[in-house]
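Participant: See start07.cif below, with mmCIF, C-alpha atoms.
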```cif
data_data
#
loop_
_atom_site.group_PDB
_atom_site.id
_atom_site.type_symbol
_atom_site.label_atom_id
_atom_site.label_comp_id
_atom_site.auth_asym_id
_atom_site.auth_seq_id
_atom_site.Cartn_x
_atom_site.Cartn_y
_atom_site.Cartn_z
ATOM 1 C CA MET W 1 0.792 -30.939 -48.355
ATOM 2 C CA ALA W 2 0.961 -32.161 -44.747
ATOM 3 C CA VAL W 3 -1.452 -34.985 -45.521
ATOM 4 C CA LYS W 4 0.559 -36.040 -48.581
ATOM 5 C CA GLU W 5 3.786 -35.988 -46.547
ATOM 6 C CA ALA W 6 2.219 -38.116 -43.793
ATOM 7 C CA LEU W 7 0.906 -40.656 -46.323
ATOM 8 C CA ASN W 8 4.201 -40.760 -48.243
ATOM 9 C CA SER W 9 6.200 -41.236 -45.028
ATOM 10 C CA LEU W 10 4.122 -44.345 -44.328
ATOM 11 C CA ASP W 11 4.552 -45.598 -47.940
ATOM 12 C CA LEU W 12 0.797 -45.505 -48.523
ATOM 13 C CA HIS W 13 -0.672 -45.136 -52.000
ATOM 14 C CA PHE W 14 -3.533 -42.665 -52.284
ATOM 15 C CA VAL W 15 -5.697 -40.612 -54.588
ATOM 16 C CA VAL W 16 -6.692 -37.058 -53.703
ATOM 17 C CA VAL W 17 -10.495 -37.006 -53.862
ATOM 18 C CA ASP W 18 -11.216 -33.487 -52.669
ATOM 19 C CA LEU W 19 -9.669 -30.769 -50.537
ATOM 20 C CA GLY W 20 -8.803 -32.488 -47.269
ATOM 21 C CA GLU W 21 -10.078 -35.835 -48.502
ATOM 22 C CA VAL W 22 -7.992 -38.730 -49.771
ATOM 23 C CA GLU W 23 -8.697 -42.320 -50.666
ATOM 24 C CA ILE W 24 -6.039 -44.763 -49.494
ATOM 25 C CA MET W 25 -5.511 -47.705 -51.830
ATOM 26 C CA GLU W 26 -4.361 -50.180 -49.160
ATOM 27 C CA ASP W 27 -6.315 -51.609 -46.250
ATOM 28 C CA LEU W 28 -4.695 -50.135 -43.151
ATOM 29 C CA SER W 29 -3.729 -52.205 -40.150
ATOM 30 C CA ALA W 30 -4.543 -50.837 -36.701
ATOM 31 C CA GLU W 31 -0.863 -49.952 -36.314
ATOM 32 C CA GLN W 32 -0.748 -48.050 -39.640
ATOM 33 C CA LEU W 33 -3.957 -46.238 -38.739
ATOM 34 C CA GLY W 34 -2.429 -45.173 -35.416
ATOM 35 C CA GLU W 35 0.768 -43.989 -37.136
ATOM 36 C CA LEU W 36 -1.246 -42.006 -39.685
ATOM 37 C CA ARG W 37 -3.381 -40.452 -36.955
ATOM 38 C CA ALA W 38 -0.226 -39.436 -35.033
ATOM 39 C CA ALA W 39 1.493 -38.055 -38.157
ATOM 40 C CA LEU W 40 -1.533 -35.906 -38.984
ATOM 41 C CA GLN W 41 -1.861 -34.630 -35.418
ATOM 42 C CA VAL W 42 1.721 -33.311 -35.583
ATOM 43 C CA SER W 43 0.476 -30.957 -38.321
ATOM 44 C CA GLY W 44 -2.647 -30.063 -36.357
ATOM 45 C CA LEU W 45 -4.873 -32.238 -38.546
ATOM 46 C CA GLU W 46 -7.385 -34.876 -37.573
ATOM 47 C CA LEU W 47 -8.090 -38.214 -39.189
ATOM 48 C CA MET W 48 -11.804 -38.600 -39.793
ATOM 49 C CA ASP W 49 -12.557 -42.192 -40.663
ATOM 50 C CA ASP W 50 -16.132 -42.298 -39.380
ATOM 51 C CA LYS W 51 -18.300 -41.917 -42.499
ATOM 52 C CA ARG W 52 -21.039 -40.103 -40.554
ATOM 53 C CA ALA W 53 -18.566 -37.597 -39.084
ATOM 54 C CA VAL W 54 -17.106 -36.998 -42.540
ATOM 55 C CA LEU W 55 -20.560 -36.415 -44.026
ATOM 56 C CA ILE W 56 -21.508 -34.028 -41.182
ATOM 57 C CA GLU W 57 -18.324 -32.032 -41.864
ATOM 58 C CA LYS W 58 -19.188 -31.922 -45.563
ATOM 59 C CA ILE W 59 -22.683 -30.610 -44.779
ATOM 60 C CA LYS W 60 -21.213 -27.942 -42.489
ATOM 61 C CA ASN W 61 -18.667 -26.972 -45.166
ATOM 62 C CA VAL W 62 -21.313 -26.662 -47.894
ATOM 63 C CA ILE W 63 -23.436 -24.426 -45.642
ATOM 64 C CA THR W 64 -20.460 -22.313 -44.565
ATOM 65 C CA GLU W 65 -19.344 -21.865 -48.158
ATOM 66 C CA MET W 66 -22.901 -21.123 -49.324
ATOM 67 C CA ILE W 67 -23.533 -18.403 -46.727
ATOM 68 C CA HIS W 68 -20.149 -16.904 -45.937
ATOM 69 C CA PHE W 69 -18.081 -17.228 -49.103
ATOM 70 C CA SER W 70 -20.487 -17.216 -52.060
ATOM 71 C CA GLU W 71 -21.331 -13.948 -53.706
ATOM 72 C CA GLU W 72 -24.681 -15.339 -54.822
ATOM 73 C CA ALA W 73 -26.986 -17.703 -52.994
ATOM 74 C CA PRO W 74 -27.940 -20.897 -54.808
ATOM 75 C CA LYS W 75 -30.628 -20.613 -57.472
ATOM 76 C CA THR W 76 -32.438 -23.606 -55.925
ATOM 77 C CA ASN W 77 -33.640 -23.933 -52.342
ATOM 78 C CA TYR W 78 -31.045 -24.867 -49.717
ATOM 79 C CA SER W 79 -32.179 -28.478 -49.359
ATOM 80 C CA ASP W 80 -31.861 -29.141 -53.109
ATOM 81 C CA TYR W 81 -28.516 -27.350 -53.233
ATOM 82 C CA ILE W 82 -27.043 -29.384 -50.352
ATOM 83 C CA SER W 83 -28.446 -32.619 -51.747
ATOM 84 C CA GLU W 84 -27.037 -31.939 -55.236
ATOM 85 C CA LYS W 85 -23.661 -30.851 -53.888
ATOM 86 C CA LEU W 86 -23.196 -33.936 -51.696
ATOM 87 C CA LYS W 87 -25.016 -36.451 -53.933
ATOM 88 C CA TYR W 88 -27.223 -37.731 -51.088
ATOM 89 C CA ASP W 89 -30.955 -37.617 -50.468
ATOM 90 C CA TYR W 90 -31.740 -34.545 -48.353
ATOM 91 C CA THR W 91 -33.983 -36.474 -45.951
ATOM 92 C CA TYR W 92 -31.103 -38.827 -45.169
ATOM 93 C CA LEU W 93 -28.690 -35.904 -44.665
ATOM 94 C CA SER W 94 -31.198 -34.009 -42.547
ATOM 95 C CA ASN W 95 -32.016 -36.944 -40.271
ATOM 96 C CA MET W 96 -28.364 -37.831 -39.742
ATOM 97 C CA PHE W 97 -27.362 -34.204 -39.099
ATOM 98 C CA SER W 98 -30.138 -33.730 -36.531
ATOM 99 C CA GLU W 99 -29.277 -36.989 -34.802
ATOM 100 C CA VAL W 100 -25.558 -36.175 -34.525
ATOM 101 C CA LYS W 101 -25.601 -32.391 -33.999
ATOM 102 C CA GLY W 102 -28.820 -32.012 -32.001
ATOM 103 C CA ILE W 103 -30.143 -29.276 -34.318
ATOM 104 C CA THR W 104 -31.668 -29.379 -37.782
ATOM 105 C CA ILE W 105 -29.827 -28.343 -40.931
ATOM 106 C CA GLN W 106 -32.327 -25.497 -41.228
ATOM 107 C CA GLN W 107 -31.471 -24.259 -37.721
ATOM 108 C CA PHE W 108 -27.769 -24.524 -38.559
ATOM 109 C CA ILE W 109 -28.354 -22.437 -41.711
ATOM 110 C CA ILE W 110 -30.283 -19.809 -39.730
ATOM 111 C CA ILE W 111 -27.505 -19.553 -37.147
ATOM 112 C CA HIS W 112 -24.977 -19.050 -39.944
ATOM 113 C CA LYS W 113 -27.152 -16.495 -41.691
ATOM 114 C CA ILE W 114 -27.447 -14.515 -38.448
ATOM 115 C CA GLU W 115 -23.650 -14.609 -38.033
ATOM 116 C CA LYS W 116 -23.374 -13.246 -41.576
ATOM 117 C CA VAL W 117 -25.900 -10.512 -40.701
ATOM 118 C CA LYS W 118 -23.760 -9.601 -37.657
ATOM 119 C CA GLU W 119 -20.675 -9.425 -39.863
ATOM 120 C CA LEU W 120 -22.413 -7.203 -42.404
ATOM 121 C CA LEU W 121 -23.784 -4.960 -39.647
ATOM 122 C CA LEU W 122 -20.283 -4.579 -38.204
ATOM 123 C CA TYR W 123 -18.890 -3.504 -41.581
ATOM 124 C CA GLU W 124 -21.637 -0.860 -41.805
ATOM 125 C CA GLU W 125 -21.457 -0.942 -45.619
ATOM 126 C CA LEU W 126 -24.994 -2.257 -46.198
ATOM 127 C CA ASN W 127 -28.270 -1.239 -44.605
ATOM 128 C CA LEU W 128 -30.707 -3.816 -43.268
ATOM 129 C CA THR W 129 -32.776 -3.830 -46.460
ATOM 130 C CA GLU W 130 -29.673 -4.585 -48.532
ATOM 131 C CA ILE W 131 -28.557 -7.284 -46.074
ATOM 132 C CA SER W 132 -32.033 -8.819 -46.178
ATOM 133 C CA TYR W 133 -31.912 -8.913 -49.977
ATOM 134 C CA LYS W 134 -28.341 -10.266 -50.082
ATOM 135 C CA LEU W 135 -29.194 -13.161 -47.735
ATOM 136 C CA HIS W 136 -32.505 -13.913 -49.493
ATOM 137 C CA TYR W 137 -34.858 -13.076 -46.655
ATOM 138 C CA SER W 138 -38.450 -12.535 -47.735
ATOM 139 C CA SER W 139 -38.487 -9.199 -45.881
ATOM 140 C CA VAL W 140 -36.577 -7.040 -43.422
ATOM 141 C CA ALA W 141 -39.177 -7.989 -40.802
ATOM 142 C CA HIS W 142 -38.428 -11.698 -41.324
ATOM 143 C CA LEU W 143 -34.694 -11.070 -40.952
ATOM 144 C CA SER W 144 -35.283 -8.944 -37.832
ATOM 145 C CA ASN W 145 -37.513 -11.597 -36.245
ATOM 146 C CA GLN W 146 -34.959 -14.348 -36.841
ATOM 147 C CA PHE W 147 -32.142 -12.122 -35.602
ATOM 148 C CA LYS W 148 -34.019 -11.401 -32.368
ATOM 149 C CA LYS W 149 -34.874 -15.092 -31.832
ATOM 150 C CA VAL W 150 -31.230 -16.115 -32.201
ATOM 151 C CA THR W 151 -29.459 -13.211 -30.465
ATOM 152 C CA GLY W 152 -32.105 -11.767 -28.150
ATOM 153 C CA LEU W 153 -31.485 -8.355 -29.731
ATOM 154 C CA THR W 154 -32.904 -6.486 -32.673
ATOM 155 C CA PRO W 155 -30.407 -5.708 -35.453
ATOM 156 C CA SER W 156 -30.432 -2.025 -34.454
ATOM 157 C CA GLN W 157 -29.763 -2.901 -30.783
ATOM 158 C CA PHE W 158 -26.886 -5.118 -31.923
ATOM 159 C CA SER W 159 -25.478 -2.313 -34.081
ATOM 160 C CA LYS W 160 -25.458 0.060 -31.086
ATOM 161 C CA LEU W 161 -23.525 -2.312 -28.839
ATOM 162 C CA LYS W 162 -19.969 -1.243 -28.213
ATOM 163 C CA ASN W 163 -18.644 -4.743 -27.607
ATOM 164 C CA ARG W 164 -20.189 -6.670 -30.492
ATOM 165 C CA LYS W 165 -19.276 -10.334 -30.196
ATOM 166 C CA ARG W 166 -19.265 -12.636 -33.168
ATOM 167 C CA THR W 167 -18.640 -16.362 -33.186
ATOM 168 C CA PRO W 168 -15.787 -17.627 -35.383
ATOM 169 C CA ILE W 169 -17.287 -19.282 -38.484
ATOM 170 C CA GLU W 170 -15.826 -22.701 -37.686
ATOM 171 C CA GLU W 171 -17.579 -22.677 -34.295
ATOM 172 C CA VAL W 172 -21.015 -21.496 -35.489
ATOM 173 C CA GLY W 173 -23.635 -24.084 -34.584
ATOM 174 C CA ASP W 174 -21.246 -26.063 -32.380
ATOM 175 C CA GLU W 175 -22.155 -24.160 -29.194
ATOM 176 C CA HIS W 176 -25.708 -25.513 -29.421
ATOM 177 C CA PHE W 177 -24.296 -29.031 -29.756
ATOM 178 C CA ARG W 178 -21.972 -28.523 -26.758
ATOM 179 C CA GLU W 179 -24.853 -27.191 -24.622
ATOM 180 C CA ASN W 180 -27.106 -30.146 -25.500
ATOM 181 C CA SER W 181 -24.380 -32.720 -24.907
ATOM 182 C CA LYS W 182 -23.947 -31.457 -21.321
ATOM 183 C CA GLU W 183 -27.549 -32.275 -20.457
#
```
Represent the structure from my file as structure tokens, please.
Facilitator:
Amino acid sequence: MAVKEALNSLDLHFVVVDLGEVEIMEDLSAEQLGELRAALQVSGLELMDDKRAVLIEKIKNVITEMIHFSEEAPKTNYSDYISEKLKYDYTYLSNMFSEVKGITIQQFIIIHKIEKVKELLLYEELNLTEISYKLHYSSVAHLSNQFKKVTGLTPSQFSKLKNRKRTPIEEVGDEHFRENSKE
């Protein structure tokens, strides 16, 4: 709604392509682009006109949806799923993601899966075997090894912590990028 209002206020013609994505029919002048950027910022939104940045966000959204909001994991492997969903060759997506984010798509998926494991452990509704099955790990040992690599704790040590800290979903994977960009 806020995006539509901003575009209408500038008398721009557009087509809604996807959630949060519009195609503007006119070529924007630098002044119009600045006005649009300012109008969106008033609503707390950001104009993403860099095609690479947009594609990175789409990759992150597909992964977040796949791990955190889908009841069932994709029937195909993650690379095929992401490639099919975004209509790009996976090698291209993978290379661009690694170059921009400083981690691989696979590492990003693992980090998200571990955040989902933390969430499920906090709810205490599923045991580790059920969590392992739900997140398509080959075994509980595999899940436990990945969990320890990422968090430094075993799942049972994490469960015993009184102050269990989770990262908000929208920030998962970004802390690695921030750490690497400081170097």
Participant: Can you work out the spacing between CA of Ser159 in chain W and CA of Leu121 in chain W in Å, to one decimal?
Facilitator: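 These two atoms are separated by 6.4 Å.
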Participant: Give me, as a list in words, all polymer residues having an atom no more than 9 Å from range 78-91 of chain W, counting all atoms listed in the file and skipping those fewer than 3 positions away in the same chain.
Facilitator: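 Selected residues are Leu55, Lys58, Ile59, Val62, Ile63, Met66, Ala73, Pro74, Lys75, Ser94, Asn95, Met96, Ile105, Gln106 and Ile109 of chain W.
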Participant: Would you mind reading off the distance between CA of Glu119 in chain W and CA of Gln107 in chain W, one decimal, in Å?
Facilitator: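 Atom-to-atom, CA of Glu119 in chain W and CA of Gln107 in chain W are spaced 18.5 Å apart.
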Participant: For the atom pair CA of Ser144 in chain W and CA of His68 in chain W, what is the interatomic distance in Å to one decimal place?
Facilitator: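 One can read the CA of Ser144 in chain W to CA of His68 in chain W distance as 18.9 Å.
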Participant: Excluding same-chain residues fewer than 4 positions from range 1-7 of chain W, what lies within 7 Å of it counting all atoms listed in the file, as a PDB file with C-alpha atoms, in the coordinates of the input?
Facilitator:
```pdb
ATOM      1  CA  ASP W  11       4.552 -45.598 -47.940  1.00  0.00           C
ATOM      2  CA  LEU W  12       0.797 -45.505 -48.523  1.00  0.00           C
ATOM      3  CA  LEU W  36      -1.246 -42.006 -39.685  1.00  0.00           C
ATOM      4  CA  ALA W  39       1.493 -38.055 -38.157  1.00  0.00           C
ATOM      5  CA  LEU W  40      -1.533 -35.906 -38.984  1.00  0.00           C
ATOM      6  CA  SER W  43       0.476 -30.957 -38.321  1.00  0.00           C
TER       7      SER W  43
END
```
Participant: Compile the contact shell of Asn145 in chain W as a PyMOL selection string: residues with an atom at most 8 Å away, counting only C-alpha atoms, same-chain residues fewer than 4 positions apart removed.
Facilitator: chain W and resi 141+149+154
Participant: Compile the contact shell of range 24-27 of chain W as a PyMOL selection string: residues with an atom at most 7 Å away, counting only C-alpha atoms, same-chain residues fewer than 4 positions apart removed.
Facilitator: chain W and resi 12-15
Participant: Of the candidates W:Glu46, W:Lys60, W:Ser138, W:Leu122, which one gets nearest to Thr104 in chain W if we count all atoms listed in the file?
Facilitator: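 Of W:Glu46, W:Lys60, W:Ser138, W:Leu122, the one nearest Thr104 in chain W, counting all atoms listed in the file, is W:Lys60.
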Participant: For this file, the PyMOL selection byres ((chain W and resi 120) around 12) selects which residues, as a VMD selection string?
Facilitator: chain W and resid 68 113 to 119 121 to 132 134 to 135 155 158 to 159 166
Participant: Which residue, W:Ile110, W:Leu143, W:Leu10, W:Leu153, has the smallest gap to Arg37 in chain W when you use only C-alpha atoms?
Facilitator: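 Between W:Ile110, W:Leu143, W:Leu10, W:Leu153, the residue approaching Arg37 in chain W most closely is W:Leu10.
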Participant: Check the smallest atom-to-atom distance from each of W:His136, W:Thr151, W:Gln146, W:Gln157 to Asn77 in chain W using only C-alpha atoms, then report the winner.
Facilitator: W:His136
